[in-house]
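J.: Contents of entry.txt (compact mmCIF, C-alpha atoms) are given next:
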```txt
# COMPACT_ATOMS: atom_id res chain seq x y z
CA MET A 1 75.39 89.09 74.00
CA GLU A 2 77.59 91.45 75.95
CA THR A 3 80.23 92.64 73.53
CA THR A 4 82.25 95.69 72.77
CA SER A 5 82.62 96.96 69.23
CA ARG A 6 85.33 98.28 67.03
CA VAL A 7 83.58 100.82 64.84
CA GLY A 8 84.94 102.73 61.91
CA ALA A 9 83.78 104.47 58.77
CA GLN A 10 85.43 103.68 55.49
CA ALA A 11 88.86 105.28 55.50
CA PRO A 12 89.90 107.70 52.75
CA ALA A 13 92.13 106.52 49.95
CA ALA A 14 95.63 107.84 49.43
CA GLU A 15 96.88 109.03 46.06
CA GLY A 16 96.84 106.31 43.46
CA GLY A 17 93.75 104.71 45.02
CA GLN A 18 95.63 102.91 47.80
CA GLN A 19 94.01 102.76 51.22
CA LEU A 20 95.68 104.57 54.09
CA PRO A 21 97.17 102.56 57.01
CA SER A 22 94.06 103.21 59.15
CA ALA A 23 91.96 101.33 56.60
CA ARG A 24 94.36 98.39 56.69
CA ARG A 25 94.16 98.28 60.49
CA MET A 26 90.36 98.30 60.36
CA VAL A 27 90.28 94.85 58.82
CA ASP A 28 92.34 93.27 61.62
CA GLY A 29 89.34 92.41 63.79
CA TYR A 30 87.70 90.62 60.89
CA LEU A 31 90.87 88.64 60.19
CA GLU A 32 90.93 87.44 63.82
CA ALA A 33 87.53 85.73 63.51
CA PRO A 34 87.58 81.89 63.40
CA PHE A 35 84.37 81.82 61.32
CA PRO A 36 83.53 82.87 57.73
CA TRP A 37 82.16 86.32 56.98
CA TYR A 38 79.14 86.80 54.77
CA GLY A 39 78.10 89.64 52.49
CA LEU A 40 75.88 90.08 49.47
CA ASP A 41 76.75 87.79 46.58
CA GLU A 42 78.36 88.79 43.28
CA ALA A 43 75.04 90.01 41.85
CA PHE A 44 75.60 93.16 43.93
CA THR A 45 78.18 95.33 42.16
CA GLY A 46 78.06 98.47 44.30
CA PRO A 47 80.35 99.69 47.11
CA ARG A 48 81.14 97.39 50.06
CA TRP A 49 82.54 98.55 53.40
CA LEU A 50 83.38 97.24 56.84
CA MET A 51 81.30 98.50 59.74
CA GLN A 52 82.06 96.95 63.13
CA VAL A 53 83.27 93.87 64.95
CA GLY A 54 81.76 92.81 68.29
CA MET A 55 84.35 91.57 70.77
CA ALA A 56 83.86 89.48 73.91
CA ALA A 57 85.58 90.46 77.16
CA ASP A 58 88.40 88.03 76.38
CA GLY A 59 88.98 89.59 72.94
CA ALA A 60 87.25 86.87 70.93
CA VAL A 61 85.33 88.06 67.87
CA GLU A 62 81.60 87.39 68.39
CA HIS A 63 79.95 89.06 65.42
CA GLY A 64 80.50 91.69 62.75
CA SER A 65 78.81 93.67 60.00
CA ILE A 66 79.57 94.42 56.35
CA GLY A 67 77.76 97.21 54.54
CA HIS A 68 76.69 97.48 50.91
CA GLY A 69 75.58 100.53 48.95
CA ASP A 70 75.46 104.03 50.45
CA GLU A 71 77.03 104.45 53.86
CA PRO A 72 73.99 105.33 56.02
CA SER A 73 73.75 108.40 58.19
CA VAL A 74 71.32 108.89 61.05
CA ARG A 75 67.95 109.94 59.69
CA ASN A 76 65.34 111.63 61.82
CA GLU A 77 62.44 110.95 59.49
CA PRO A 78 61.30 107.66 58.00
CA ALA A 79 61.34 107.52 54.22
CA SER A 80 59.82 105.17 51.70
CA ALA A 81 62.05 103.08 49.47
CA GLU A 82 61.14 105.33 46.55
CA ASP A 83 62.13 108.51 48.39
CA ALA A 84 65.15 107.29 50.34
CA ARG A 85 68.32 109.14 49.48
CA GLU A 86 70.43 106.35 50.93
CA LYS A 87 70.11 102.81 49.65
CA PHE A 88 71.98 100.25 51.69
CA ALA A 89 71.96 96.71 53.06
CA VAL A 90 74.06 95.52 55.99
CA VAL A 91 74.87 91.84 56.56
CA VAL A 92 75.56 90.68 60.12
CA THR A 93 77.47 87.42 60.71
CA VAL A 94 77.11 85.62 64.05
CA PRO A 95 78.84 82.25 64.61
CA GLU A 96 76.86 79.38 66.07
CA ASN A 97 78.01 78.96 69.69
CA PRO A 98 76.50 76.81 72.44
CA SER A 99 76.45 77.98 76.05
CA ARG A 100 80.08 78.08 77.11
CA ARG A 101 82.20 79.13 80.05
CA SER A 102 83.65 82.62 80.12
CA ALA A 103 87.39 83.03 79.71
CA ASP A 104 87.91 83.44 83.47
CA GLY A 105 85.76 80.39 84.25
CA THR A 106 83.41 82.32 86.52
CA GLY A 107 80.24 82.02 84.49
CA LEU A 108 78.49 81.00 81.28
CA LEU A 109 78.29 83.00 78.08
CA GLU A 110 74.99 83.10 76.21
CA ALA A 111 74.48 80.66 73.38
CA THR A 112 73.97 82.31 70.01
CA SER A 113 70.99 81.58 67.80
CA VAL A 114 69.15 83.01 64.85
CA SER A 115 67.45 85.29 67.39
CA SER A 116 70.88 86.78 68.19
CA ALA A 117 71.30 87.71 64.52
CA ALA A 118 67.76 89.12 64.35
CA TRP A 119 68.36 91.29 67.42
CA LEU A 120 71.70 92.63 66.17
CA ALA A 121 70.12 93.45 62.81
CA GLY A 122 67.15 95.17 64.45
CA VAL A 123 69.36 97.28 66.69
CA GLY A 124 71.62 98.06 63.73
CA LEU A 125 68.72 99.53 61.80
CA LEU A 126 67.59 101.54 64.83
CA SER A 127 71.04 103.07 65.21
CA PHE A 128 70.51 105.04 61.99
CA THR A 129 66.91 106.17 62.58
CA TRP A 130 64.69 107.94 65.03
CA PRO A 131 61.24 109.54 64.63
CA GLY A 132 60.97 112.97 63.12
CA HIS A 133 60.36 115.93 65.41
CA MET A 134 61.85 114.10 68.39
CA ASP A 135 64.02 116.18 70.68
CA HIS A 136 67.59 114.91 70.82
CA SER A 137 67.34 114.74 74.62
CA LEU A 138 64.61 112.10 74.27
CA ARG A 139 66.42 109.96 71.73
CA ASP A 140 68.26 107.82 74.31
CA ASP A 141 64.98 106.92 76.02
CA TRP A 142 63.36 106.12 72.67
CA LEU A 143 66.35 104.04 71.57
CA GLU A 144 66.36 102.07 74.83
CA GLN A 145 62.66 101.33 74.48
CA GLN A 146 63.00 100.32 70.84
CA THR A 147 66.03 98.14 71.63
CA GLU A 148 63.94 96.21 74.15
CA THR A 149 61.21 95.89 71.53
CA ALA A 150 63.74 94.61 68.99
CA TRP A 151 64.84 91.95 71.47
CA ALA A 152 61.24 90.91 72.17
CA LEU A 153 60.60 90.60 68.43
CA ALA A 154 63.82 88.64 67.91
CA ASP A 155 62.81 86.27 70.69
CA ASP A 156 59.52 85.50 68.93
CA LEU A 157 60.52 84.74 65.35
CA GLU A 158 57.43 82.59 64.81
CA GLY A 159 55.17 85.46 65.89
CA PRO A 160 52.85 87.53 63.69
CA GLU A 161 55.38 90.33 63.16
CA TRP A 162 57.53 88.04 61.01
CA SER A 163 56.98 86.40 57.64
CA ARG A 164 59.11 83.92 55.72
CA LEU A 165 61.38 84.82 52.82
CA SER A 166 63.52 82.40 50.80
CA LEU A 167 66.86 83.81 49.60
CA PRO A 168 70.00 82.14 48.22
CA VAL A 169 72.98 81.60 50.52
CA ASP A 170 76.03 80.33 48.64
CA GLY A 171 73.60 79.43 45.88
CA VAL A 172 71.31 77.36 48.11
CA ALA A 173 67.75 78.52 48.82
CA THR A 174 67.52 79.34 52.54
CA SER A 175 64.53 80.33 54.65
CA PHE A 176 64.74 83.65 56.51
CA HIS A 177 62.53 85.36 59.06
CA TYR A 178 61.60 88.77 57.62
CA ARG A 179 59.83 91.89 58.82
CA GLU A 180 59.36 95.45 57.62
CA SER A 181 58.86 98.66 59.56
CA GLU A 182 58.58 102.34 58.79
CA PHE A 183 62.36 102.56 59.18
CA GLY A 184 63.41 99.71 56.88
CA TRP A 185 63.54 95.92 56.90
CA VAL A 186 65.22 93.21 58.98
CA LEU A 187 65.79 89.53 58.29
CA ALA A 188 67.58 86.63 59.95
CA GLY A 189 68.36 83.01 59.16
CA THR A 190 70.92 80.24 59.54
CA THR A 191 73.43 79.01 56.97
CA GLY A 192 74.84 75.57 56.49
CA SER A 193 78.35 76.73 57.36
CA GLY A 194 78.05 77.28 61.09
CA VAL A 195 76.91 80.89 61.21
CA HIS A 196 73.67 82.80 61.65
CA LEU A 197 72.97 85.70 59.31
CA GLY A 198 71.13 88.90 60.06
CA ALA A 199 70.58 91.74 57.61
CA TYR A 200 68.90 95.11 57.57
CA GLY A 201 68.51 97.94 55.12
CA ARG A 202 66.38 100.59 53.53
CA GLY A 203 65.99 101.84 49.99
CA MET A 204 67.12 98.43 48.69
CA SER A 205 64.55 95.65 48.43
CA ALA A 206 65.39 92.54 50.42
CA TYR A 207 63.53 90.33 47.96
CA GLY A 208 66.25 90.30 45.32
CA LEU A 209 69.23 89.79 47.62
CA GLY A 210 71.57 86.81 47.83
CA PHE A 211 74.35 86.07 50.32
CA ALA A 212 77.75 84.46 49.94
CA VAL A 213 80.94 83.88 51.91
CA VAL A 214 83.42 86.74 51.57
CA LYS A 215 86.34 85.06 49.83
CA ASP A 216 89.01 87.52 50.93
CA ILE A 217 88.12 89.91 53.74
CA SER A 218 91.66 91.32 53.61
CA ALA A 219 90.74 92.89 50.27
CA TYR A 220 88.90 95.54 52.29
CA ALA A 221 92.27 96.77 53.55
```
Represent the structure from my file as C-alpha cells, please.
T.:
Amino acid sequence: METTSRVGAQAPAAEGGQQLPSARRMVDGYLEAPFPWYGLDEAFTGPRWLMQVGMAADGAVEHGSIGHGDEPSVRNEPASAEDAREKFAVVVTVPENPSRRSADGTGLLEATSVSSAAWLAGVGLLSFTWPGHMDHSLRDDWLEQQTETAWALADDLEGPEWSRLSLPVDGVATSFHYRESEFGWVLAGTTGSGVHLGAYGRGMSAYGLGFAVVKDISAYA
C-alpha cells in the first residue's frame, strides 16, 4: 500500500474549550473517506484523538487511525503493562478494496485485506518504540528491518506467531488475529461493514476492548 499520510497531534483548545481552526482542518481527511471509521466502543470513556490519514496518489483516502487514551511518545525501552506510563490503543480502519486500476490507468493498485490492516498496525506500534541503548544513527536500519518483519508476520496470519481473539464489533462477536511482543500488542480482523480493522497498543489490555463505528467523526473538530 503506497500511500502518503496527513499526520497531526491533537491541537490545543482555545479559550472556552473550543478547538482552534487547525484542529477543525485536521478532520477534513477523515470526512473525505467513503467508508466508515471505527474506534473503541462506548465502554471506553477516556480521551480520543485523530492520528493520520493515508492518501493514495490520486488523493483518495486509503486508511486512517484513531487513538484512545494517552497520546504515545517514542519510547526507547520496552515496558510491561504494569509499568507503562502511557496507556493507549490505536484503531486502524482499512476499506475492503479489490485490485483496481490506478487513477492514471497505467497500473494496478494492491488489493487490501486483513493482512493490510495487520501490517499497518504492526508498523504503527513500531513507530513509537525502539530498543533501549540503541544509537539514534542505527534506528533507521532497525526500523526498516522490523518493518519487513511486520510485513512477513502480517502475510502469515495463520502462522504460529498469531493466536485468535474474539472481540465485539458493533456488538457482534468477531474473530481477530492477535499477537504480543515486548513492545505491545497488535490485532487485525474484518468487520461486516466493508472494512478491515487493525489495532495496536500498550499499557491497555486488548482482551477487554470492543469496536464500533464512529457516529460523527466531525465531532473531533
J.: So, with all atoms listed in the file as the atoms that count, which of A:Tyr178, A:Trp162, A:Phe183, A:Trp151 lies closest to Ser127 of chain A?
T.: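 Once distances to Ser127 of chain A are computed over all atoms listed in the file, the minimum belongs to A:Phe183.
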J.: If we count only C-alpha atoms, what is near Leu40 of chain A at a cut-off of 9 Å, once residues fewer than 3 positions away on the same chain are taken out, given as a PDB file with C-alpha atoms, in the coordinates of the input?
T.:
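New file part-v4.pdb:
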```pdb
ATOM      1  CA  ALA A  43      75.040  90.010  41.850  1.00  0.00           C
ATOM      2  CA  PHE A  44      75.600  93.160  43.930  1.00  0.00           C
ATOM      3  CA  ILE A  66      79.570  94.420  56.350  1.00  0.00           C
ATOM      4  CA  GLY A  67      77.760  97.210  54.540  1.00  0.00           C
ATOM      5  CA  HIS A  68      76.690  97.480  50.910  1.00  0.00           C
ATOM      6  CA  ALA A  89      71.960  96.710  53.060  1.00  0.00           C
ATOM      7  CA  VAL A  90      74.060  95.520  55.990  1.00  0.00           C
ATOM      8  CA  VAL A  91      74.870  91.840  56.560  1.00  0.00           C
ATOM      9  CA  LEU A 209      69.230  89.790  47.620  1.00  0.00           C
ATOM     10  CA  GLY A 210      71.570  86.810  47.830  1.00  0.00           C
ATOM     11  CA  PHE A 211      74.350  86.070  50.320  1.00  0.00           C
ATOM     12  CA  ALA A 212      77.750  84.460  49.940  1.00  0.00           C
ATOM     13  CA  VAL A 213      80.940  83.880  51.910  1.00  0.00           C
ATOM     14  CA  VAL A 214      83.420  86.740  51.570  1.00  0.00           C
TER      15      VAL A 214
END
```
J.: Tell me, in Å to one decimal, how far atom CA of Gly122 of chain A is from atom CA of Ser175 of chain A.
T.: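 If I compute the distance from atom CA of Gly122 of chain A to atom CA of Ser175 of chain A, I get 18.0 Å.
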J.: Restricting the calculation to all atoms listed in the file: of A:Met55, A:Val169, A:Leu126, A:Ala206, which residue gets closest to Glu182 of chain A?
T.: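 Among the listed residues, A:Leu126 lies closest to Glu182 of chain A.
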J.: Mind giving me the straight-line distance from atom CA of Leu153 of chain A to atom CA of Glu86 of chain A in Å, one decimal?
T.: 25.5 Å
J.: Atom CA of Glu42 of chain A to atom CA of Leu167 of chain A: how many Å, to one decimal?
T.: 14.0 Å
J.: Restricting the calculation to all atoms listed in the file, which member of A:Arg202, A:His63, A:Arg48, A:Arg179 is positioned closest to Gly29 of chain A?
T.: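 Residue with the minimum atom-to-atom distance to Gly29 of chain A: A:His63.
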J.: Taking 5 positions as the minimum chain separation for residues in the same chain, which residues sit within 12 Å of Ala118 of chain A when counting all atoms listed in the file? Answer as an MDAnalysis selection string.
T.: chainID A and resid 91:94 112:113 123:125 147 149:157 162 176:179 185:190 196:200
J.: Identify which of the residues A:Glu148, A:Ser73, A:Gly171, A:Ala111 lies closest to Thr129 of chain A, counting all atoms listed in the file when measuring atom-to-atom distances.
T.: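 That would be A:Ser73, the residue with the smallest distance to Thr129 of chain A.
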J.: A:Gly208, A:Pro95, A:Gly192, A:Gly203: which is nearest Gly69 of chain A, counting all atoms listed in the file?
T.: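 Going through A:Gly208, A:Pro95, A:Gly192, A:Gly203 one by one, the smallest distance to Gly69 of chain A is for A:Gly203.
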J.: Give me, as a PyMOL selection string, all polymer residues having an atom no more than 8 Å from Ala33 of chain A, counting all atoms listed in the file and skipping those fewer than 4 positions away in the same chain.
T.: chain A and resi 29+60-62
J.: Out of A:Val195, A:Leu120, A:Leu165, A:Val27, which residue has the shortest atom-to-atom distance to Tyr207 of chain A when counting only C-alpha atoms?
T.: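 Ranking A:Val195, A:Leu120, A:Leu165, A:Val27 by distance to Tyr207 of chain A, first place goes to A:Leu165.
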J.: So that I can look at just that part, could you write segment 115-126 of chain A with all heavy atoms, as a PDB file, in the first residue's frame?
T.:
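Below you can see decode_3.pdb, which holds the result:
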```pdb
ATOM      1  N   SER A 115      -4.575  -8.637   6.088  1.00  0.00           N
ATOM      2  CA  SER A 115      -3.119  -8.523   6.227  1.00  0.00           C
ATOM      3  C   SER A 115      -2.671  -7.063   6.115  1.00  0.00           C
ATOM      4  O   SER A 115      -1.704  -6.652   6.769  1.00  0.00           O
ATOM      5  CB  SER A 115      -2.405  -9.373   5.179  1.00  0.00           C
ATOM      6  OG  SER A 115      -2.560 -10.751   5.444  1.00  0.00           O
ATOM      7  N   SER A 116      -3.355  -6.280   5.278  1.00  0.00           N
ATOM      8  CA  SER A 116      -3.038  -4.850   5.166  1.00  0.00           C
ATOM      9  C   SER A 116      -3.231  -4.162   6.510  1.00  0.00           C
ATOM     10  O   SER A 116      -2.399  -3.354   6.950  1.00  0.00           O
ATOM     11  CB  SER A 116      -3.937  -4.182   4.114  1.00  0.00           C
ATOM     12  OG  SER A 116      -3.889  -4.855   2.881  1.00  0.00           O
ATOM     13  N   ALA A 117      -4.347  -4.482   7.186  1.00  0.00           N
ATOM     14  CA  ALA A 117      -4.620  -3.885   8.490  1.00  0.00           C
ATOM     15  C   ALA A 117      -3.609  -4.339   9.532  1.00  0.00           C
ATOM     16  O   ALA A 117      -3.152  -3.563  10.369  1.00  0.00           O
ATOM     17  CB  ALA A 117      -6.035  -4.234   8.930  1.00  0.00           C
ATOM     18  N   ALA A 118      -3.221  -5.623   9.466  1.00  0.00           N
ATOM     19  CA  ALA A 118      -2.230  -6.149  10.416  1.00  0.00           C
ATOM     20  C   ALA A 118      -0.884  -5.473  10.231  1.00  0.00           C
ATOM     21  O   ALA A 118      -0.185  -5.153  11.200  1.00  0.00           O
ATOM     22  CB  ALA A 118      -2.102  -7.661  10.234  1.00  0.00           C
ATOM     23  N   TRP A 119      -0.497  -5.252   8.965  1.00  0.00           N
ATOM     24  CA  TRP A 119       0.792  -4.608   8.704  1.00  0.00           C
ATOM     25  C   TRP A 119       0.784  -3.155   9.169  1.00  0.00           C
ATOM     26  O   TRP A 119       1.733  -2.690   9.819  1.00  0.00           O
ATOM     27  CB  TRP A 119       1.117  -4.676   7.218  1.00  0.00           C
ATOM     28  CG  TRP A 119       2.431  -4.034   6.884  1.00  0.00           C
ATOM     29  CD1 TRP A 119       3.668  -4.539   7.150  1.00  0.00           C
ATOM     30  CD2 TRP A 119       2.641  -2.769   6.254  1.00  0.00           C
ATOM     31  NE1 TRP A 119       4.642  -3.671   6.713  1.00  0.00           N
ATOM     32  CE2 TRP A 119       4.039  -2.571   6.170  1.00  0.00           C
ATOM     33  CE3 TRP A 119       1.776  -1.794   5.755  1.00  0.00           C
ATOM     34  CZ2 TRP A 119       4.588  -1.422   5.599  1.00  0.00           C
ATOM     35  CZ3 TRP A 119       2.322  -0.656   5.189  1.00  0.00           C
ATOM     36  CH2 TRP A 119       3.709  -0.482   5.117  1.00  0.00           C
ATOM     37  N   LEU A 120      -0.273  -2.422   8.864  1.00  0.00           N
ATOM     38  CA  LEU A 120      -0.349  -1.023   9.292  1.00  0.00           C
ATOM     39  C   LEU A 120      -0.332  -0.915  10.817  1.00  0.00           C
ATOM     40  O   LEU A 120       0.299  -0.005  11.378  1.00  0.00           O
ATOM     41  CB  LEU A 120      -1.615  -0.374   8.732  1.00  0.00           C
ATOM     42  CG  LEU A 120      -1.599  -0.078   7.231  1.00  0.00           C
ATOM     43  CD1 LEU A 120      -3.000   0.274   6.741  1.00  0.00           C
ATOM     44  CD2 LEU A 120      -0.630   1.052   6.904  1.00  0.00           C
ATOM     45  N   ALA A 121      -0.999  -1.835  11.488  1.00  0.00           N
ATOM     46  CA  ALA A 121      -0.989  -1.821  12.952  1.00  0.00           C
ATOM     47  C   ALA A 121       0.403  -2.151  13.489  1.00  0.00           C
ATOM     48  O   ALA A 121       0.887  -1.512  14.432  1.00  0.00           O
ATOM     49  CB  ALA A 121      -2.022  -2.809  13.488  1.00  0.00           C
ATOM     50  N   GLY A 122       1.051  -3.142  12.886  1.00  0.00           N
ATOM     51  CA  GLY A 122       2.392  -3.500  13.344  1.00  0.00           C
ATOM     52  C   GLY A 122       3.390  -2.378  13.168  1.00  0.00           C
ATOM     53  O   GLY A 122       4.200  -2.084  14.056  1.00  0.00           O
ATOM     54  N   VAL A 123       3.331  -1.710  12.017  1.00  0.00           N
ATOM     55  CA  VAL A 123       4.236  -0.591  11.769  1.00  0.00           C
ATOM     56  C   VAL A 123       3.891   0.586  12.681  1.00  0.00           C
ATOM     57  O   VAL A 123       4.777   1.305  13.143  1.00  0.00           O
ATOM     58  CB  VAL A 123       4.172  -0.176  10.284  1.00  0.00           C
ATOM     59  CG1 VAL A 123       4.931   1.122  10.048  1.00  0.00           C
ATOM     60  CG2 VAL A 123       4.751  -1.280   9.419  1.00  0.00           C
ATOM     61  N   GLY A 124       2.587   0.771  12.948  1.00  0.00           N
ATOM     62  CA  GLY A 124       2.188   1.842  13.851  1.00  0.00           C
ATOM     63  C   GLY A 124       2.793   1.679  15.231  1.00  0.00           C
ATOM     64  O   GLY A 124       3.297   2.631  15.827  1.00  0.00           O
ATOM     65  N   LEU A 125       2.768   0.457  15.747  1.00  0.00           N
ATOM     66  CA  LEU A 125       3.369   0.210  17.059  1.00  0.00           C
ATOM     67  C   LEU A 125       4.868   0.450  17.031  1.00  0.00           C
ATOM     68  O   LEU A 125       5.435   1.054  17.954  1.00  0.00           O
ATOM     69  CB  LEU A 125       3.063  -1.221  17.504  1.00  0.00           C
ATOM     70  CG  LEU A 125       3.602  -1.630  18.876  1.00  0.00           C
ATOM     71  CD1 LEU A 125       3.002  -0.770  19.980  1.00  0.00           C
ATOM     72  CD2 LEU A 125       3.314  -3.107  19.145  1.00  0.00           C
ATOM     73  N   LEU A 126       5.530   0.011  15.961  1.00  0.00           N
ATOM     74  CA  LEU A 126       6.970   0.205  15.853  1.00  0.00           C
ATOM     75  C   LEU A 126       7.360   1.677  15.841  1.00  0.00           C
ATOM     76  O   LEU A 126       8.435   2.050  16.314  1.00  0.00           O
ATOM     77  CB  LEU A 126       7.496  -0.455  14.570  1.00  0.00           C
ATOM     78  CG  LEU A 126       7.564  -1.974  14.541  1.00  0.00           C
ATOM     79  CD1 LEU A 126       7.917  -2.443  13.143  1.00  0.00           C
ATOM     80  CD2 LEU A 126       8.582  -2.481  15.558  1.00  0.00           C
TER      81      LEU A 126
END
```
